[in-house]
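For reference, the structure discussed in these notes is given below.
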Amino acid sequence: MSRSSNDVLAIGLGTCAAAVGVRPTRLQYLLGLAQRARRRVQAVGAPPALPPVIEHASIAMAEEQQFSEQGALDVLRQALAQVPGTPGRGTKSKRRAFIVLDDFWANHGILRGDFRTMRMREVDEIARSYFAETFGLDGDAIVIRTVMQRGGRAVFASALSRSLHDGIRDVSAAARVEVQGLMLGLPQAMNRARHSVDGSASMLVMVAETVLHAVLMDHHRWVAYGAHRLFADDVADTLRLAAITEQVFERFSNTRREDCTIYLGGIDLDPSAFEQRFATVRRLQEIVSSASAPLRLMGFAL
């Protein structure tokens with residue numbers, strides 16, 4: 001990694017580990033774009049997790065701290081300490097960082113209504129009430145993130161623990177790192193996927209180590225969201241994952257599954273089990289990877 005204190009860090013914070021790298025320069029970024037363009041013309045084969053110009057470090061959580069906020073904060077602290085060239089106490093310079101979190105740390109939902117004349121603060125309060133009523137979350141203990149859909153008739157909302165949110169900023173500040181962006185993985189994947197999907201009835205399926213996320217789409221709009229908790233044996237069983245996807249689809253959609261296109265992202269999976277249940281299955285190369293969860297998340301921050 002570069003040792004300049006002006007480097008911008010890219011960090012993926014998972015449930016059991018973290019990955020940290022330095023965001024590419026403009027030249028490196030253009031090389032990455034060229035590489036992705038070459039991958040798009042390939043008929044088969046999963047893309048590598050990251051452009052080869054990106055160096056990174058991966059740090060595992062202590063086993064007893066996995067899936068805990070304290071574990072996430074401790075591993076972030078270790079990750080920031082391992083980045084070469086981190087400014088010392090005697091310098092005023094700071095690094096900046098973009099951090100992408102595993103969606104295990106958040107709840108998501110799609111809110112439908114007429115939001116066109118509302119202020120963002122009002123939209124956030126509606127989302128806060130939704131998460132309080134739906135998941136029993138304390139409204140004062142969560143941080144709300146919303147993305148307004150084009151046309152103002154729907155909002156994709158996320159709720160993140162305030163203690164984790166504030167803890168990440170405190171740990172980063174102690175390491176003289178300014179958090180320029182603190183994001184969640186699924187909204188980043190949705191943003192990249194929307195350029196690849198067609199306008200027909202379809203569903204984006206993001207499979208992670210702990211959760212299967214499904215977002216229904218129609219006419220290029222996100223219309224419903226569902227999730228299913230996964231356990232270790234589930235991830236290796238594509239037949240079970242396809243069955244779970246079908247269950248989520250039937251819970252939220254009035255469309256026949258035989259008329260639905262599935263867009264697969266997240267863990268690199270054999271699509272054949274999904275092809276037995278849905279009309280068409282497409283792997284979104286931009287958001288499919290065989291890399292570890294922290295590296296996939298770090299890729300969204302690059």
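Each chain in the structure tokens gets a letter, A, B, ..., in the order shown, and its residues are numbered from 1; ligands are numbered from 1 in order too.
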Next on the checklist: I'd like the contact shell of Gly299 in chain A - 12 Å cut-off, only C-alpha atoms, skipping same-chain residues fewer than 3 positions apart - returned as a count of residues only.
Outcome noted: 40
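In this structure, CA of Val207 in chain A sits 28.5 Å away from CA of Leu30 in chain A.
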Next on the checklist: Please extract the residues of range 13-259 of chain A with a backbone DSSP assignment of helix (DSSP H, G or I) and present them as a ChimeraX atom specification.
Outcome noted: /A:26-40,63-65,69-82,103-105,120-135,139-141,162-174,185-193,232-235,238-252,257-259
Next on the checklist: Given only C-alpha atoms as the basis, pick out the residue of A:Asn107, A:Ser290, A:Thr261, A:Ser202 nearest to Thr134 in chain A.
Outcome noted: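 Ranking A:Asn107, A:Ser290, A:Thr261, A:Ser202 by distance to Thr134 in chain A, first place goes to A:Asn107.
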Next on the checklist: If we count only C-alpha atoms and set the cut-off at 12 Å, which residues sit around range 62-70 of chain A, ignoring sequence neighbours fewer than 5 positions away in its own chain? Please answer as a PyMOL selection string.
Outcome noted: chain A and resi 13-18+75-78+101-106+160-168+171+209-210
Selection above as a file: C-alpha atoms, as a JSON list (two decimals), in the first residue's frame:
[["chain", "number", "residue", "atom", "x", "y", "z"],
["A", 13, "LEU", "CA", -16.51, -4.39, 8.05],
["A", 14, "GLY", "CA", -18.07, -7.83, 8.25],
["A", 15, "THR", "CA", -19.44, -9.97, 11.07],
["A", 16, "CYS", "CA", -16.21, -11.89, 11.72],
["A", 17, "ALA", "CA", -13.45, -9.88, 10.04],
["A", 18, "ALA", "CA", -12.49, -6.59, 8.41],
["A", 75, "VAL", "CA", -11.35, -5.32, 14.56],
["A", 76, "LEU", "CA", -11.80, -1.88, 12.97],
["A", 77, "ARG", "CA", -9.28, -0.49, 15.45],
["A", 78, "GLN", "CA", -6.82, -3.24, 14.47],
["A", 101, "LEU", "CA", -20.78, -2.50, 6.64],
["A", 102, "ASP", "CA", -22.22, -5.99, 6.36],
["A", 103, "ASP", "CA", -26.02, -5.81, 6.31],
["A", 104, "PHE", "CA", -26.07, -8.07, 9.36],
["A", 105, "TRP", "CA", -25.58, -4.82, 11.28],
["A", 106, "ALA", "CA", -28.77, -3.21, 9.95],
["A", 160, "LEU", "CA", -28.26, 1.05, 11.90],
["A", 161, "SER", "CA", -27.46, 0.78, 15.58],
["A", 162, "ARG", "CA", -26.50, 4.24, 16.88],
["A", 163, "SER", "CA", -23.96, 2.75, 19.26],
["A", 164, "LEU", "CA", -22.18, 1.01, 16.36],
["A", 165, "HIS", "CA", -22.44, 4.08, 14.14],
["A", 166, "ASP", "CA", -21.00, 6.40, 16.78],
["A", 167, "GLY", "CA", -18.42, 3.81, 17.88],
["A", 168, "ILE", "CA", -17.06, 3.51, 14.34],
["A", 171, "VAL", "CA", -12.52, 4.58, 16.78],
["A", 209, "GLU", "CA", -22.89, -15.54, 4.71],
["A", 210, "THR", "CA", -25.63, -14.69, 7.19]]
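Excluding range 225-238 of chain A itself and any same-chain residue fewer than 2 positions from it, the protein and nucleic acid residues within 8 Å of it, counting only C-alpha atoms, are His108, Gly109, Ile110, Ala208, Glu209, Thr210, Val211, Leu212, His213, Ala214, Val215, Leu216, Val223, Arg240, Leu241, Ala242, Ile244, Val248, Phe252, Leu269, Asp270, Ala273 and Phe274 of chain A.
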Write out the residues from the selection above, keeping C-alpha atoms, as an mmCIF file, in the first residue's frame.
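Listing of selection.cif after writing:
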data_model
loop_
_atom_site.group_PDB
_atom_site.id
_atom_site.type_symbol
_atom_site.label_atom_id
_atom_site.label_comp_id
_atom_site.auth_asym_id
_atom_site.auth_seq_id
_atom_site.Cartn_x
_atom_site.Cartn_y
_atom_site.Cartn_z
ATOM 1 C CA HIS A 108 -33.870 -2.629 5.742
ATOM 2 C CA GLY A 109 -37.284 -1.878 4.324
ATOM 3 C CA ILE A 110 -39.060 -0.282 1.366
ATOM 4 C CA ALA A 208 -24.285 -13.259 2.002
ATOM 5 C CA GLU A 209 -22.890 -15.538 4.707
ATOM 6 C CA THR A 210 -25.625 -14.687 7.187
ATOM 7 C CA VAL A 211 -28.621 -13.315 5.224
ATOM 8 C CA LEU A 212 -30.318 -13.764 1.871
ATOM 9 C CA HIS A 213 -31.659 -10.405 0.690
ATOM 10 C CA ALA A 214 -34.325 -10.198 -2.007
ATOM 11 C CA VAL A 215 -35.495 -6.955 -3.626
ATOM 12 C CA LEU A 216 -38.408 -7.097 -6.047
ATOM 13 C CA VAL A 223 -41.104 -2.345 -4.965
ATOM 14 C CA ARG A 240 -32.062 -24.691 -0.307
ATOM 15 C CA LEU A 241 -31.089 -21.140 -1.287
ATOM 16 C CA ALA A 242 -33.248 -21.413 -4.411
ATOM 17 C CA ILE A 244 -35.758 -19.813 0.136
ATOM 18 C CA VAL A 248 -39.531 -14.877 -0.382
ATOM 19 C CA PHE A 252 -44.114 -10.414 -1.759
ATOM 20 C CA LEU A 269 -23.215 -19.449 -6.745
ATOM 21 C CA ASP A 270 -24.051 -22.064 -9.349
ATOM 22 C CA ALA A 273 -30.830 -24.569 -8.866
ATOM 23 C CA PHE A 274 -32.437 -21.152 -9.411
#
Checklist entry - DSSP on the backbone: what in range 151-283 of chain A comes out strand (DSSP E), as number ranges by chain? => result A: 154-161, 177-184, 202-207, 211-218, 221-229, 261-267, 280-283
Item to check | Separation of CA of Pro271 in chain A from CA of Asp198 in chain A, in Å and rounded to one decimal | outcome: 18.7 Å
Checklist entry - Looking at only C-alpha atoms, which of A:Ala159, A:Ser272, A:Gly113, A:Val281 is the one that sits closest to Asp140 in chain A? => result A:Ala159
Checklist entry - Which of these residues is nearest to His219 in chain A, using only C-alpha atoms: A:Gln276, A:Ser158, A:Asn191, A:Ser200? => result A:Ser200
Checklist entry - What does the distance between CA of Cys260 in chain A and CA of Leu186 in chain A come to in Å, to one decimal place? => result 20.7 Å
Item to check | Near-Glu178 in chain A list (9 Å; only C-alpha atoms; drop same-chain fewer than 3 positions) as number ranges by chain | outcome: A: 94-98, 169, 172-173, 175, 181
Could you dump the residues just selected with N, CA and C atoms as a PDB file, in the first residue's frame?
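Final output, saved to out_32.pdb:
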ATOM      1  N   LYS A  94      -4.617  14.011   8.451  1.00  0.00           N
ATOM      2  CA  LYS A  94      -5.540  12.907   8.683  1.00  0.00           C
ATOM      3  C   LYS A  94      -5.749  12.143   7.391  1.00  0.00           C
ATOM      4  N   ARG A  95      -6.131  10.895   7.548  1.00  0.00           N
ATOM      5  CA  ARG A  95      -6.597  10.130   6.400  1.00  0.00           C
ATOM      6  C   ARG A  95      -8.123  10.171   6.376  1.00  0.00           C
ATOM      7  N   ARG A  96      -8.636   9.896   5.191  1.00  0.00           N
ATOM      8  CA  ARG A  96     -10.084   9.773   5.035  1.00  0.00           C
ATOM      9  C   ARG A  96     -10.410   8.319   4.741  1.00  0.00           C
ATOM     10  N   ALA A  97     -11.649   7.910   5.043  1.00  0.00           N
ATOM     11  CA  ALA A  97     -12.025   6.516   4.826  1.00  0.00           C
ATOM     12  C   ALA A  97     -13.474   6.415   4.376  1.00  0.00           C
ATOM     13  N   PHE A  98     -13.710   5.458   3.488  1.00  0.00           N
ATOM     14  CA  PHE A  98     -15.054   5.028   3.140  1.00  0.00           C
ATOM     15  C   PHE A  98     -15.228   3.629   3.716  1.00  0.00           C
ATOM     16  N   ARG A 169     -17.166   5.913  14.306  1.00  0.00           N
ATOM     17  CA  ARG A 169     -16.612   7.259  14.137  1.00  0.00           C
ATOM     18  C   ARG A 169     -15.609   7.586  15.247  1.00  0.00           C
ATOM     19  N   SER A 172     -12.383   5.612  14.588  1.00  0.00           N
ATOM     20  CA  SER A 172     -11.679   6.202  13.450  1.00  0.00           C
ATOM     21  C   SER A 172     -11.020   7.519  13.842  1.00  0.00           C
ATOM     22  N   ALA A 173     -11.735   8.334  14.591  1.00  0.00           N
ATOM     23  CA  ALA A 173     -11.171   9.616  15.014  1.00  0.00           C
ATOM     24  C   ALA A 173      -9.933   9.410  15.878  1.00  0.00           C
ATOM     25  N   ALA A 175      -7.835   7.123  15.587  1.00  0.00           N
ATOM     26  CA  ALA A 175      -6.744   6.736  14.683  1.00  0.00           C
ATOM     27  C   ALA A 175      -6.423   7.837  13.675  1.00  0.00           C
ATOM     28  N   GLY A 181     -17.472   8.397   4.397  1.00  0.00           N
ATOM     29  CA  GLY A 181     -18.680   7.688   4.013  1.00  0.00           C
ATOM     30  C   GLY A 181     -18.840   6.439   4.859  1.00  0.00           C
TER      31      GLY A 181
END
